[in-house]
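Text of target-v1.cif, listed as mmCIF, C-alpha atoms:
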data_run
#
loop_
_atom_site.label_atom_id
_atom_site.label_comp_id
_atom_site.auth_asym_id
_atom_site.auth_seq_id
_atom_site.Cartn_x
_atom_site.Cartn_y
_atom_site.Cartn_z
CA MET A 266 -3.80 -10.78 -12.60
CA SER A 267 -3.67 -13.48 -9.98
CA ARG A 268 -0.86 -13.06 -7.52
CA ALA A 269 0.57 -15.09 -4.68
CA THR A 270 3.06 -13.85 -2.14
CA GLU A 271 6.36 -15.49 -2.99
CA GLN A 272 7.69 -15.42 0.55
CA ARG A 273 7.44 -13.29 3.65
CA LEU A 274 11.06 -12.18 3.73
CA ARG A 275 11.64 -8.45 3.41
CA PHE A 276 13.67 -7.24 0.43
CA SER A 277 15.19 -3.89 -0.46
CA VAL A 278 14.36 -2.21 -3.76
CA GLU A 279 17.84 -3.04 -5.04
CA GLU A 280 17.44 -6.71 -4.12
CA TYR A 281 14.07 -6.87 -5.81
CA LEU A 282 15.41 -5.36 -9.03
CA ARG A 283 18.44 -7.67 -9.11
CA ARG A 284 16.17 -10.69 -8.74
CA GLU A 285 13.79 -9.38 -11.39
CA TYR A 286 16.56 -8.85 -13.96
CA ASP A 287 17.41 -12.57 -13.84
CA SER A 288 13.90 -13.93 -13.41
CA THR A 289 11.92 -15.68 -16.13
CA GLU A 290 8.72 -14.69 -14.32
CA ARG A 291 7.42 -11.29 -13.33
CA HIS A 292 7.05 -10.11 -9.75
CA GLU A 293 5.66 -6.97 -8.16
CA TYR A 294 7.14 -5.23 -5.14
CA TYR A 295 5.13 -3.91 -2.21
CA ASP A 296 7.43 -2.04 0.20
CA GLY A 297 9.61 -5.06 1.00
CA ASP A 298 7.33 -7.86 -0.17
CA ILE A 299 7.90 -9.60 -3.50
CA VAL A 300 4.71 -10.91 -5.07
CA ALA A 301 4.75 -13.39 -7.95
CA MET A 302 2.36 -12.78 -10.83
CA ALA A 303 0.44 -15.73 -12.22
CA GLY A 304 -1.30 -15.92 -15.57
CA GLY A 305 -4.71 -14.36 -16.03
CA SER A 306 -7.88 -15.97 -17.37
CA PRO A 307 -8.85 -15.88 -21.08
CA GLN A 308 -11.53 -13.35 -20.08
CA HIS A 309 -8.92 -11.12 -18.45
CA SER A 310 -6.60 -11.34 -21.47
CA LEU A 311 -9.37 -10.54 -23.94
CA ILE A 312 -10.59 -7.49 -22.04
CA ILE A 313 -7.16 -5.93 -21.71
CA ALA A 314 -6.37 -6.74 -25.36
CA ASN A 315 -9.56 -4.90 -26.31
CA VAL A 316 -8.63 -1.88 -24.17
CA ILE A 317 -5.07 -1.68 -25.51
CA ARG A 318 -6.25 -2.04 -29.12
CA GLU A 319 -8.93 0.62 -28.82
CA LEU A 320 -6.75 3.10 -26.92
CA GLY A 321 -3.81 2.51 -29.26
CA THR A 322 -5.94 3.15 -32.33
CA ARG A 323 -7.31 6.38 -30.92
CA LEU A 324 -3.87 7.58 -29.73
CA LYS A 325 -2.19 7.02 -33.08
CA GLY A 326 -0.32 10.16 -34.15
CA LYS A 327 -0.57 11.73 -30.69
CA SER A 328 2.08 12.26 -28.01
CA CYS A 329 0.62 9.57 -25.71
CA ARG A 330 1.45 5.87 -26.01
CA VAL A 331 -0.22 2.79 -24.52
CA TYR A 332 1.91 -0.05 -23.09
CA ASP A 333 0.99 -3.59 -22.11
CA SER A 334 1.65 -5.46 -18.87
CA ASN A 335 5.32 -6.08 -19.71
CA LEU A 336 6.12 -2.51 -18.69
CA ARG A 337 7.19 -2.15 -15.06
CA VAL A 338 6.03 1.00 -13.31
CA ARG A 339 7.27 2.49 -10.08
CA VAL A 340 4.63 4.63 -8.48
CA PRO A 341 6.46 7.91 -7.71
CA ARG A 342 7.32 8.65 -4.09
CA SER A 343 6.60 5.06 -3.06
CA LYS A 344 8.19 1.62 -2.80
CA LEU A 345 5.63 0.10 -5.14
CA TYR A 346 6.78 -1.57 -8.37
CA VAL A 347 3.97 -3.00 -10.48
CA TYR A 348 3.08 -4.29 -13.94
CA PRO A 349 -0.25 -2.63 -14.76
CA ASP A 350 -2.47 -4.35 -17.30
CA ALA A 351 -2.23 -1.20 -19.44
CA THR A 352 -0.30 2.03 -18.97
CA VAL A 353 -0.51 5.25 -20.95
CA ILE A 354 2.41 7.69 -20.86
CA CYS A 355 2.18 11.11 -22.48
CA GLY A 356 5.47 12.60 -23.65
CA PRO A 357 8.92 11.07 -23.02
CA THR A 358 9.22 8.22 -20.52
CA GLU A 359 10.97 8.92 -17.22
CA HIS A 360 12.97 6.14 -15.60
CA ASP A 361 13.46 5.01 -12.02
CA ALA A 362 16.86 6.06 -10.68
CA HIS A 363 17.23 2.75 -8.81
CA ASP A 364 16.88 0.72 -12.00
CA VAL A 365 20.30 0.68 -13.70
CA LYS A 366 18.85 -1.13 -16.74
CA ARG A 367 16.20 1.57 -17.26
CA GLN A 368 13.38 -0.95 -17.45
CA THR A 369 11.12 0.87 -14.97
CA VAL A 370 9.15 4.03 -15.74
CA THR A 371 7.90 6.55 -13.19
CA ASN A 372 5.53 8.88 -15.06
CA PRO A 373 2.29 7.06 -15.92
CA THR A 374 -0.57 9.30 -17.02
CA LEU A 375 -3.22 6.56 -17.02
CA VAL A 376 -3.24 3.08 -15.50
CA VAL A 377 -5.83 0.38 -16.29
CA GLU A 378 -6.26 -2.75 -14.16
CA VAL A 379 -8.63 -5.63 -14.90
CA ILE A 380 -9.83 -6.95 -11.57
CA SER A 381 -11.29 -10.20 -10.29
CA ALA A 382 -12.21 -11.62 -6.89
CA SER A 383 -8.61 -12.80 -6.40
CA THR A 384 -6.98 -9.43 -7.17
CA GLU A 385 -9.37 -6.78 -5.86
CA HIS A 386 -7.72 -6.74 -2.42
CA LEU A 387 -4.58 -5.41 -4.14
CA ASP A 388 -6.21 -3.19 -6.75
CA TYR A 389 -8.42 -1.54 -4.11
CA GLY A 390 -5.79 -1.76 -1.36
CA PRO A 391 -2.07 -0.87 -1.46
CA LYS A 392 -2.06 -0.12 -5.17
CA PHE A 393 -5.10 2.11 -5.00
CA LYS A 394 -3.75 4.29 -2.19
CA LYS A 395 -0.30 4.68 -3.73
CA TYR A 396 -1.64 5.41 -7.21
CA LEU A 397 -3.78 8.20 -5.83
CA GLU A 398 -0.71 9.66 -4.09
CA SER A 399 1.29 9.68 -7.34
CA GLY A 400 2.23 13.08 -8.67
CA THR A 401 2.03 12.17 -12.37
CA LEU A 402 -0.94 9.82 -12.50
CA GLN A 403 -4.03 11.55 -13.82
CA GLU A 404 -6.41 8.59 -13.97
CA TYR A 405 -6.83 5.11 -12.49
CA VAL A 406 -9.33 2.82 -14.24
CA LEU A 407 -10.57 -0.49 -12.85
CA VAL A 408 -12.34 -2.91 -15.19
CA THR A 409 -14.33 -5.82 -13.77
CA GLN A 410 -14.01 -9.02 -15.80
CA ASP A 411 -17.13 -10.96 -14.77
CA SER A 412 -19.69 -8.17 -15.31
CA PRO A 413 -19.88 -4.89 -17.27
CA HIS A 414 -18.41 -2.50 -14.72
CA VAL A 415 -15.75 0.15 -15.34
CA GLN A 416 -14.67 2.60 -12.63
CA SER A 417 -12.62 5.70 -13.37
CA TYR A 418 -10.82 7.86 -10.80
CA PHE A 419 -9.75 11.11 -12.47
CA ARG A 420 -7.56 13.74 -10.81
CA GLN A 421 -9.14 17.18 -10.93
CA ASP A 422 -7.64 20.62 -10.37
CA GLY A 423 -6.92 21.05 -6.69
CA GLY A 424 -6.08 17.38 -6.16
CA THR A 425 -9.59 16.00 -5.70
CA TRP A 426 -10.63 12.86 -7.56
CA LEU A 427 -13.73 12.42 -9.73
CA PHE A 428 -15.21 8.93 -9.45
CA THR A 429 -17.24 7.77 -12.46
CA PRO A 430 -18.71 4.25 -12.65
CA VAL A 431 -20.25 2.73 -15.79
CA MET A 432 -22.25 -0.44 -15.22
CA THR A 433 -24.21 -1.24 -18.39
CA MET A 434 -23.19 -2.47 -21.82
CA GLU A 435 -25.02 0.51 -23.30
CA GLY A 436 -22.73 2.94 -21.46
CA ILE A 437 -19.55 4.75 -22.49
CA ALA A 438 -16.40 4.79 -20.36
CA MET A 439 -14.68 8.17 -20.22
CA PHE A 440 -10.87 8.21 -20.21
CA ARG A 441 -10.64 11.88 -19.35
CA SER A 442 -6.87 12.06 -18.95
CA ILE A 443 -6.39 11.32 -22.66
CA ALA A 444 -9.72 12.68 -23.96
CA ILE A 445 -11.01 9.31 -25.19
CA GLU A 446 -14.44 7.71 -24.89
CA LEU A 447 -14.74 3.92 -25.17
CA PRO A 448 -18.11 2.22 -25.58
CA MET A 449 -18.51 -0.65 -23.15
CA THR A 450 -19.23 -2.86 -26.16
CA ASP A 451 -15.65 -2.21 -27.35
CA ILE A 452 -14.12 -2.93 -23.94
CA TYR A 453 -16.06 -6.17 -23.56
CA ASP A 454 -16.07 -7.20 -27.23
CA GLY A 455 -16.25 -11.01 -27.41
CA VAL A 456 -16.57 -11.43 -23.64
CA THR A 457 -19.16 -13.85 -22.22
CA PHE A 458 -20.15 -13.09 -18.66
CA PRO A 459 -20.88 -15.89 -16.18
CA GLU A 460 -24.53 -16.48 -15.40
CA THR A 461 -25.88 -15.04 -12.18
CA PRO A 462 -28.06 -17.21 -9.91
CA ALA A 463 -31.11 -15.20 -10.97
CA GLN A 464 -30.40 -15.90 -14.64
CA SER A 465 -29.96 -19.61 -13.96
CA ASP A 466 -33.24 -19.79 -12.03
CA ALA A 467 -35.08 -18.00 -14.83
CA GLU A 468 -34.03 -20.72 -17.24
#
Taking this structure as input, can you express it in the form of structure tokens?
Amino acid sequence: MSRATEQRLRFSVEEYLRREYDSTERHEYYDGDIVAMAGGSPQHSLIIANVIRELGTRLKGKSCRVYDSNLRVRVPRSKLYVYPDATVICGPTEHDAHDVKRQTVTNPTLVVEVISASTEHLDYGPKFKKYLESGTLQEYVLVTQDSPHVQSYFRQDGGTWLFTPVMTMEGIAMFRSIAIELPMTDIYDGVTFPETPAQSDAE
């Protein structure tokens, strides 16, 4: 989603959570910085709706559940509080000890973010590093909204990460942490990509 830094004051975790309880808008927290979340594009909303629908259908009857972007996640062992576009948790949810209202979970298995030019500096920057340091996270998936491009980072035995990109509509995205394969046509169902300069010239 699009984000704009609310202000450059530094806030404690407790201050951030108190403000968030009373806020009508959602904000993320980056080690002292509070960042307001703006609405996403129709393209963004459609892609994540597709992903949540397809994962939810395939997870039905299993111990894993998929959650939308209303779920706040604290990345374990960090001061990062975020609202991922989609989160999968396997087994019971675990809650952040700082959050007295128990609205923040700390044990994501899989996180999916739909990225754009305005958000990639966060999704590839502070979020990316902290997610990879998380003890519970098994997979981080980035989905590009203006072209067919899905990137998966899957934690392997020994702590190394397997990077798998899929960049064609004929491909299949592997969600290894939950043993699910999603055709790119399901992820991008109904999505119209912007024309590239080469396509425009050809016409």
Of the candidates A:Met449, A:Ala303, A:Met432, A:Ile354, which one gets nearest to A:Arg330 if we count all atoms listed in the file?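 Selected residue with least distance to A:Arg330: A:Ile354.
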Taking all atoms listed in the file into account, name the residue in A:Val300, A:Met439, A:Leu274, A:Leu407 that is nearest to A:Ile380.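 Under the stated criterion, the closest residue is A:Leu407.
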Go through A:Leu427, A:Ile437, A:Ala301, A:Leu320 and flag the residue nearest A:Thr289, using all atoms listed in the file for the distances. A:Ala301
Point-to-point distance in Å for atom CA of A:Val377 and atom CA of A:Val406: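 Between atom CA of A:Val406 and atom CA of A:Val377 the gap works out to 4.7 Å.
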Determine, counting all atoms listed in the file, which protein, DNA and RNA residues have an atom within 12 Å of an atom of stretch 365-367 of chain A; residues of the same chain fewer than 4 positions away are not included. Present the result as number ranges by chain. A: 278-279, 282-283, 285-287, 336-339, 358-361, 371
Which residues are near stretch 409-422 of chain A? Cut-off 10 Å, only C-alpha atoms, ignore same chain within fewer than 3 positions. Put them as a PyMOL selection string. chain A and resi 306+308-313+375-382+385+393+397+401-406+425-442+449-450+452-453+456-461
Pull C-alpha atoms from the residues just selected and write them as a PDB file, in the frame of the given file.
ATOM      1  CA  SER A 306      -7.880 -15.970 -17.370  1.00  0.00           C
ATOM      2  CA  GLN A 308     -11.530 -13.350 -20.080  1.00  0.00           C
ATOM      3  CA  HIS A 309      -8.920 -11.120 -18.450  1.00  0.00           C
ATOM      4  CA  SER A 310      -6.600 -11.340 -21.470  1.00  0.00           C
ATOM      5  CA  LEU A 311      -9.370 -10.540 -23.940  1.00  0.00           C
ATOM      6  CA  ILE A 312     -10.590  -7.490 -22.040  1.00  0.00           C
ATOM      7  CA  ILE A 313      -7.160  -5.930 -21.710  1.00  0.00           C
ATOM      8  CA  LEU A 375      -3.220   6.560 -17.020  1.00  0.00           C
ATOM      9  CA  VAL A 376      -3.240   3.080 -15.500  1.00  0.00           C
ATOM     10  CA  VAL A 377      -5.830   0.380 -16.290  1.00  0.00           C
ATOM     11  CA  GLU A 378      -6.260  -2.750 -14.160  1.00  0.00           C
ATOM     12  CA  VAL A 379      -8.630  -5.630 -14.900  1.00  0.00           C
ATOM     13  CA  ILE A 380      -9.830  -6.950 -11.570  1.00  0.00           C
ATOM     14  CA  SER A 381     -11.290 -10.200 -10.290  1.00  0.00           C
ATOM     15  CA  ALA A 382     -12.210 -11.620  -6.890  1.00  0.00           C
ATOM     16  CA  GLU A 385      -9.370  -6.780  -5.860  1.00  0.00           C
ATOM     17  CA  PHE A 393      -5.100   2.110  -5.000  1.00  0.00           C
ATOM     18  CA  LEU A 397      -3.780   8.200  -5.830  1.00  0.00           C
ATOM     19  CA  THR A 401       2.030  12.170 -12.370  1.00  0.00           C
ATOM     20  CA  LEU A 402      -0.940   9.820 -12.500  1.00  0.00           C
ATOM     21  CA  GLN A 403      -4.030  11.550 -13.820  1.00  0.00           C
ATOM     22  CA  GLU A 404      -6.410   8.590 -13.970  1.00  0.00           C
ATOM     23  CA  TYR A 405      -6.830   5.110 -12.490  1.00  0.00           C
ATOM     24  CA  VAL A 406      -9.330   2.820 -14.240  1.00  0.00           C
ATOM     25  CA  THR A 425      -9.590  16.000  -5.700  1.00  0.00           C
ATOM     26  CA  TRP A 426     -10.630  12.860  -7.560  1.00  0.00           C
ATOM     27  CA  LEU A 427     -13.730  12.420  -9.730  1.00  0.00           C
ATOM     28  CA  PHE A 428     -15.210   8.930  -9.450  1.00  0.00           C
ATOM     29  CA  THR A 429     -17.240   7.770 -12.460  1.00  0.00           C
ATOM     30  CA  PRO A 430     -18.710   4.250 -12.650  1.00  0.00           C
ATOM     31  CA  VAL A 431     -20.250   2.730 -15.790  1.00  0.00           C
ATOM     32  CA  MET A 432     -22.250  -0.440 -15.220  1.00  0.00           C
ATOM     33  CA  THR A 433     -24.210  -1.240 -18.390  1.00  0.00           C
ATOM     34  CA  MET A 434     -23.190  -2.470 -21.820  1.00  0.00           C
ATOM     35  CA  GLU A 435     -25.020   0.510 -23.300  1.00  0.00           C
ATOM     36  CA  GLY A 436     -22.730   2.940 -21.460  1.00  0.00           C
ATOM     37  CA  ILE A 437     -19.550   4.750 -22.490  1.00  0.00           C
ATOM     38  CA  ALA A 438     -16.400   4.790 -20.360  1.00  0.00           C
ATOM     39  CA  MET A 439     -14.680   8.170 -20.220  1.00  0.00           C
ATOM     40  CA  PHE A 440     -10.870   8.210 -20.210  1.00  0.00           C
ATOM     41  CA  ARG A 441     -10.640  11.880 -19.350  1.00  0.00           C
ATOM     42  CA  SER A 442      -6.870  12.060 -18.950  1.00  0.00           C
ATOM     43  CA  MET A 449     -18.510  -0.650 -23.150  1.00  0.00           C
ATOM     44  CA  THR A 450     -19.230  -2.860 -26.160  1.00  0.00           C
ATOM     45  CA  ILE A 452     -14.120  -2.930 -23.940  1.00  0.00           C
ATOM     46  CA  TYR A 453     -16.060  -6.170 -23.560  1.00  0.00           C
ATOM     47  CA  VAL A 456     -16.570 -11.430 -23.640  1.00  0.00           C
ATOM     48  CA  THR A 457     -19.160 -13.850 -22.220  1.00  0.00           C
ATOM     49  CA  PHE A 458     -20.150 -13.090 -18.660  1.00  0.00           C
ATOM     50  CA  PRO A 459     -20.880 -15.890 -16.180  1.00  0.00           C
ATOM     51  CA  GLU A 460     -24.530 -16.480 -15.400  1.00  0.00           C
ATOM     52  CA  THR A 461     -25.880 -15.040 -12.180  1.00  0.00           C
TER      53      THR A 461
END
Kindly give the distance, in Å, that separates atom CA of A:Leu447 and atom CA of A:Tyr396, rounded to a single decimal.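 Calculated distance between atom CA of A:Leu447 and atom CA of A:Tyr396 is 22.3 Å.
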Between atom CA of A:Ser399 and atom CA of A:Val370, what is the distance, to one decimal in Å?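 Calculated distance between atom CA of A:Ser399 and atom CA of A:Val370 is 12.8 Å.
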With distances taken over all atoms listed in the file, which of A:Asp350, A:Glu398, A:Asp364, A:Asp454 is nearest to A:Ile317?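 Among the listed residues, the smallest separation from A:Ile317 belongs to A:Asp350.
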From the list A:Thr374, A:Thr352, A:Ser343, A:Gln368, which residue is nearest A:Pro391 when using only C-alpha atoms?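 For A:Pro391, the nearest of the candidates is A:Ser343.
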Using all atoms listed in the file, which of the listed residues (A:Val316, A:Tyr281, A:Asn335, A:Ile299) sits closest to A:Pro349?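 Under the stated criterion, the closest residue is A:Asn335.
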Assuming the chain letters and numbering stay as they are in my file, what does the PyMOL selection byres ((chain A and resi 321) around 12) actually select? List them as a list of chain:residue names.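 Output from the PyMOL selection byres ((chain A and resi 321) around 12), applied to this file: A:Ile313, A:Ala314, A:Asn315, A:Val316, A:Ile317, A:Arg318, A:Glu319, A:Leu320, A:Thr322, A:Arg323, A:Leu324, A:Lys325, A:Gly326, A:Lys327, A:Ser328, A:Cys329, A:Arg330, A:Val331, A:Tyr332, A:Asp333, A:Ala351, A:Thr352, A:Val353, A:Ile354, A:Ile443, A:Ile445, A:Leu447.
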At a cut-off of 9 Å, using only C-alpha atoms, what residues contact A:Asp296? Leave out same-chain residues fewer than 2 positions from it and give the result as a PDB file with C-alpha atoms, in the coordinates of the input.
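Wrote it out as part05.pdb, contents follow:
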ATOM      1  CA  ARG A 275      11.640  -8.450   3.410  1.00  0.00           C
ATOM      2  CA  PHE A 276      13.670  -7.240   0.430  1.00  0.00           C
ATOM      3  CA  SER A 277      15.190  -3.890  -0.460  1.00  0.00           C
ATOM      4  CA  VAL A 278      14.360  -2.210  -3.760  1.00  0.00           C
ATOM      5  CA  TYR A 294       7.140  -5.230  -5.140  1.00  0.00           C
ATOM      6  CA  ASP A 298       7.330  -7.860  -0.170  1.00  0.00           C
ATOM      7  CA  ILE A 299       7.900  -9.600  -3.500  1.00  0.00           C
ATOM      8  CA  SER A 343       6.600   5.060  -3.060  1.00  0.00           C
ATOM      9  CA  LYS A 344       8.190   1.620  -2.800  1.00  0.00           C
ATOM     10  CA  LEU A 345       5.630   0.100  -5.140  1.00  0.00           C
ATOM     11  CA  TYR A 346       6.780  -1.570  -8.370  1.00  0.00           C
TER      12      TYR A 346
END
